[in-house]
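Enquirer: Below you'll find data-v5.cif; it's mmCIF, C-alpha atoms.
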```
data_start
#
loop_
_atom_site.group_PDB
_atom_site.id
_atom_site.type_symbol
_atom_site.label_atom_id
_atom_site.label_comp_id
_atom_site.auth_asym_id
_atom_site.auth_seq_id
_atom_site.Cartn_x
_atom_site.Cartn_y
_atom_site.Cartn_z
ATOM 1 C CA GLU T 58 52.289 -28.010 -10.976
ATOM 2 C CA LEU T 59 54.111 -24.971 -9.580
ATOM 3 C CA TRP T 60 55.831 -24.255 -12.902
ATOM 4 C CA ALA T 61 52.565 -24.473 -14.831
ATOM 5 C CA GLU T 62 51.004 -22.007 -12.417
ATOM 6 C CA VAL T 63 53.946 -19.627 -12.739
ATOM 7 C CA ARG T 64 53.834 -19.830 -16.533
ATOM 8 C CA HIS T 65 50.077 -19.220 -16.484
ATOM 9 C CA ALA T 66 50.477 -16.188 -14.193
ATOM 10 C CA VAL T 67 53.132 -14.699 -16.470
ATOM 11 C CA GLU T 68 51.704 -15.533 -19.873
ATOM 12 C CA ARG T 69 47.960 -15.309 -19.251
ATOM 13 C CA GLU T 70 47.600 -13.001 -16.250
ATOM 14 C CA MET T 71 50.454 -10.637 -17.200
ATOM 15 C CA ALA T 72 52.327 -10.990 -13.891
ATOM 16 C CA VAL T 73 55.764 -9.392 -14.220
ATOM 17 C CA ARG T 74 56.990 -9.228 -10.623
ATOM 18 C CA LEU T 75 58.166 -12.106 -8.445
ATOM 19 C CA ALA T 76 56.199 -10.781 -5.475
ATOM 20 C CA ASP T 77 53.035 -10.658 -7.548
ATOM 21 C CA VAL T 78 53.416 -14.323 -8.458
ATOM 22 C CA LEU T 79 54.335 -15.574 -4.976
ATOM 23 C CA VAL T 80 51.906 -13.397 -3.010
ATOM 24 C CA ARG T 81 48.860 -12.856 -5.201
ATOM 25 C CA ARG T 82 48.898 -15.667 -7.751
ATOM 26 C CA LEU T 83 50.283 -18.688 -5.877
ATOM 27 C CA HIS T 84 49.561 -17.496 -2.322
ATOM 28 C CA LEU T 85 52.847 -19.001 -1.108
ATOM 29 C CA PHE T 86 53.559 -15.895 0.938
ATOM 30 C CA HIS T 87 50.516 -16.604 3.107
ATOM 31 C CA GLU T 88 50.349 -20.388 2.929
ATOM 32 C CA THR T 89 53.908 -21.437 3.739
ATOM 33 C CA ARG T 90 55.824 -21.006 6.948
ATOM 34 C CA ASP T 91 58.780 -19.389 5.175
ATOM 35 C CA HIS T 92 56.534 -17.146 3.018
ATOM 36 C CA GLY T 93 57.808 -18.854 -0.132
ATOM 37 C CA ALA T 94 61.454 -17.969 0.523
ATOM 38 C CA ALA T 95 62.614 -21.499 -0.301
ATOM 39 C CA VAL T 96 61.326 -21.262 -3.881
ATOM 40 C CA ALA T 97 61.777 -17.546 -4.564
ATOM 41 C CA ALA T 98 65.099 -17.843 -6.398
ATOM 42 C CA ALA T 99 63.913 -20.806 -8.487
ATOM 43 C CA VAL T 100 60.675 -19.041 -9.429
ATOM 44 C CA ALA T 101 62.621 -15.887 -10.300
ATOM 45 C CA SER T 102 64.942 -17.950 -12.504
ATOM 46 C CA PHE T 103 61.974 -19.485 -14.284
ATOM 47 C CA MET T 104 60.352 -16.083 -14.735
ATOM 48 C CA ALA T 105 63.650 -14.685 -16.022
ATOM 49 C CA ARG T 106 63.664 -17.239 -18.818
ATOM 50 C CA VAL T 107 60.034 -16.595 -19.745
ATOM 51 C CA LEU T 108 60.244 -12.794 -19.484
ATOM 52 C CA ASP T 109 63.808 -12.450 -20.813
ATOM 53 C CA TRP T 110 65.138 -10.754 -17.683
ATOM 54 C CA ASP T 111 68.834 -10.095 -17.339
ATOM 55 C CA GLU T 112 70.735 -11.234 -14.239
ATOM 56 C CA ALA T 113 70.380 -7.844 -12.560
ATOM 57 C CA ARG T 114 66.598 -7.875 -12.914
ATOM 58 C CA GLU T 115 66.390 -11.433 -11.614
ATOM 59 C CA ALA T 116 68.554 -10.612 -8.587
ATOM 60 C CA GLY T 117 66.573 -7.443 -7.967
ATOM 61 C CA GLU T 118 63.285 -9.337 -7.959
ATOM 62 C CA VAL T 119 64.641 -11.829 -5.411
ATOM 63 C CA ALA T 120 66.013 -9.022 -3.224
ATOM 64 C CA ALA T 121 62.716 -7.147 -3.374
ATOM 65 C CA TYR T 122 60.821 -10.288 -2.405
ATOM 66 C CA GLN T 123 63.166 -10.946 0.509
ATOM 67 C CA ALA T 124 62.511 -7.370 1.677
ATOM 68 C CA THR T 125 58.768 -8.066 1.482
ATOM 69 C CA ILE T 126 59.246 -11.099 3.726
ATOM 70 C CA LYS T 127 61.385 -9.118 6.157
ATOM 71 C CA ARG T 128 58.737 -6.370 6.437
ATOM 72 C CA ALA T 129 56.085 -8.985 7.233
ATOM 73 C CA LYS T 130 57.945 -10.457 10.200
ATOM 74 C CA PRO T 131 57.149 -8.962 13.603
#
```
For the file at hand, write its structure as structure tokens.

Expert:
Amino acid sequence: ELWAEVRHAVEREMAVRLADVLVRRLHLFHETRDHGAAVAAAVASFMARVLDWDEAREAGEVAAYQATIKRAKP
């Protein structure tokens, strides 16, 4: 189910950032204790295949998402 939702967000809703998918589309940032950190790399890898990202873009998206999580912690 997660992969279908990610594909839908990318292909139908034009999501192009990992944070957009995990925060706004899937709500994992708000609904999971780890803010979606456990699936961030896997979702980024999936998005990389769909969006034809290179390794640097994929790694950058994961790093940016990890920074988003870090900013949210008190």

Enquirer: Using the chain letters and numbering of this document, enumerate as a PyMOL selection string the residues selected by the PyMOL selection byres ((chain T and resi 118-120) around 9).

Expert: chain T and resi 74-76+97-98+101+113-117+121-125

Enquirer: For this structure, which residues satisfy the selection - the PyMOL selection byres ((chain T and resi 80-85) around 12) - when it is evaluated on the file as given? I want them as a short mmCIF file (atom, residue, chain, number, x, y, z; two decimals) with C-alpha atoms, keeping the file's coordinate frame.

Expert:
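Wrote it out as part-v1.cif, contents follow:
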```
data_model
loop_
_atom_site.label_atom_id
_atom_site.label_comp_id
_atom_site.auth_asym_id
_atom_site.auth_seq_id
_atom_site.Cartn_x
_atom_site.Cartn_y
_atom_site.Cartn_z
CA GLU T 58 52.29 -28.01 -10.98
CA LEU T 59 54.11 -24.97 -9.58
CA TRP T 60 55.83 -24.26 -12.90
CA ALA T 61 52.56 -24.47 -14.83
CA GLU T 62 51.00 -22.01 -12.42
CA VAL T 63 53.95 -19.63 -12.74
CA ARG T 64 53.83 -19.83 -16.53
CA HIS T 65 50.08 -19.22 -16.48
CA ALA T 66 50.48 -16.19 -14.19
CA VAL T 67 53.13 -14.70 -16.47
CA ARG T 69 47.96 -15.31 -19.25
CA GLU T 70 47.60 -13.00 -16.25
CA MET T 71 50.45 -10.64 -17.20
CA ALA T 72 52.33 -10.99 -13.89
CA VAL T 73 55.76 -9.39 -14.22
CA ARG T 74 56.99 -9.23 -10.62
CA LEU T 75 58.17 -12.11 -8.44
CA ALA T 76 56.20 -10.78 -5.48
CA ASP T 77 53.04 -10.66 -7.55
CA VAL T 78 53.42 -14.32 -8.46
CA LEU T 79 54.34 -15.57 -4.98
CA PHE T 86 53.56 -15.90 0.94
CA HIS T 87 50.52 -16.60 3.11
CA GLU T 88 50.35 -20.39 2.93
CA THR T 89 53.91 -21.44 3.74
CA ARG T 90 55.82 -21.01 6.95
CA ASP T 91 58.78 -19.39 5.18
CA HIS T 92 56.53 -17.15 3.02
CA GLY T 93 57.81 -18.85 -0.13
CA ALA T 94 61.45 -17.97 0.52
CA ALA T 95 62.61 -21.50 -0.30
CA VAL T 96 61.33 -21.26 -3.88
CA ALA T 97 61.78 -17.55 -4.56
CA VAL T 100 60.68 -19.04 -9.43
CA TYR T 122 60.82 -10.29 -2.40
CA THR T 125 58.77 -8.07 1.48
CA ILE T 126 59.25 -11.10 3.73
CA ALA T 129 56.08 -8.98 7.23
#
```

Enquirer: First collect every listed atom of range 98-108 of chain T; then fit an axis-aligned box around them, widen it by 5 Å on each side, and give centre and edge lengths in Å to one decimal, as lines of an AutoDock Vina configuration file.

Expert:
```
center_x = 62.6
center_y = -16.8
center_z = -13.1
size_x = 15.1
size_y = 18.0
size_z = 23.3
```
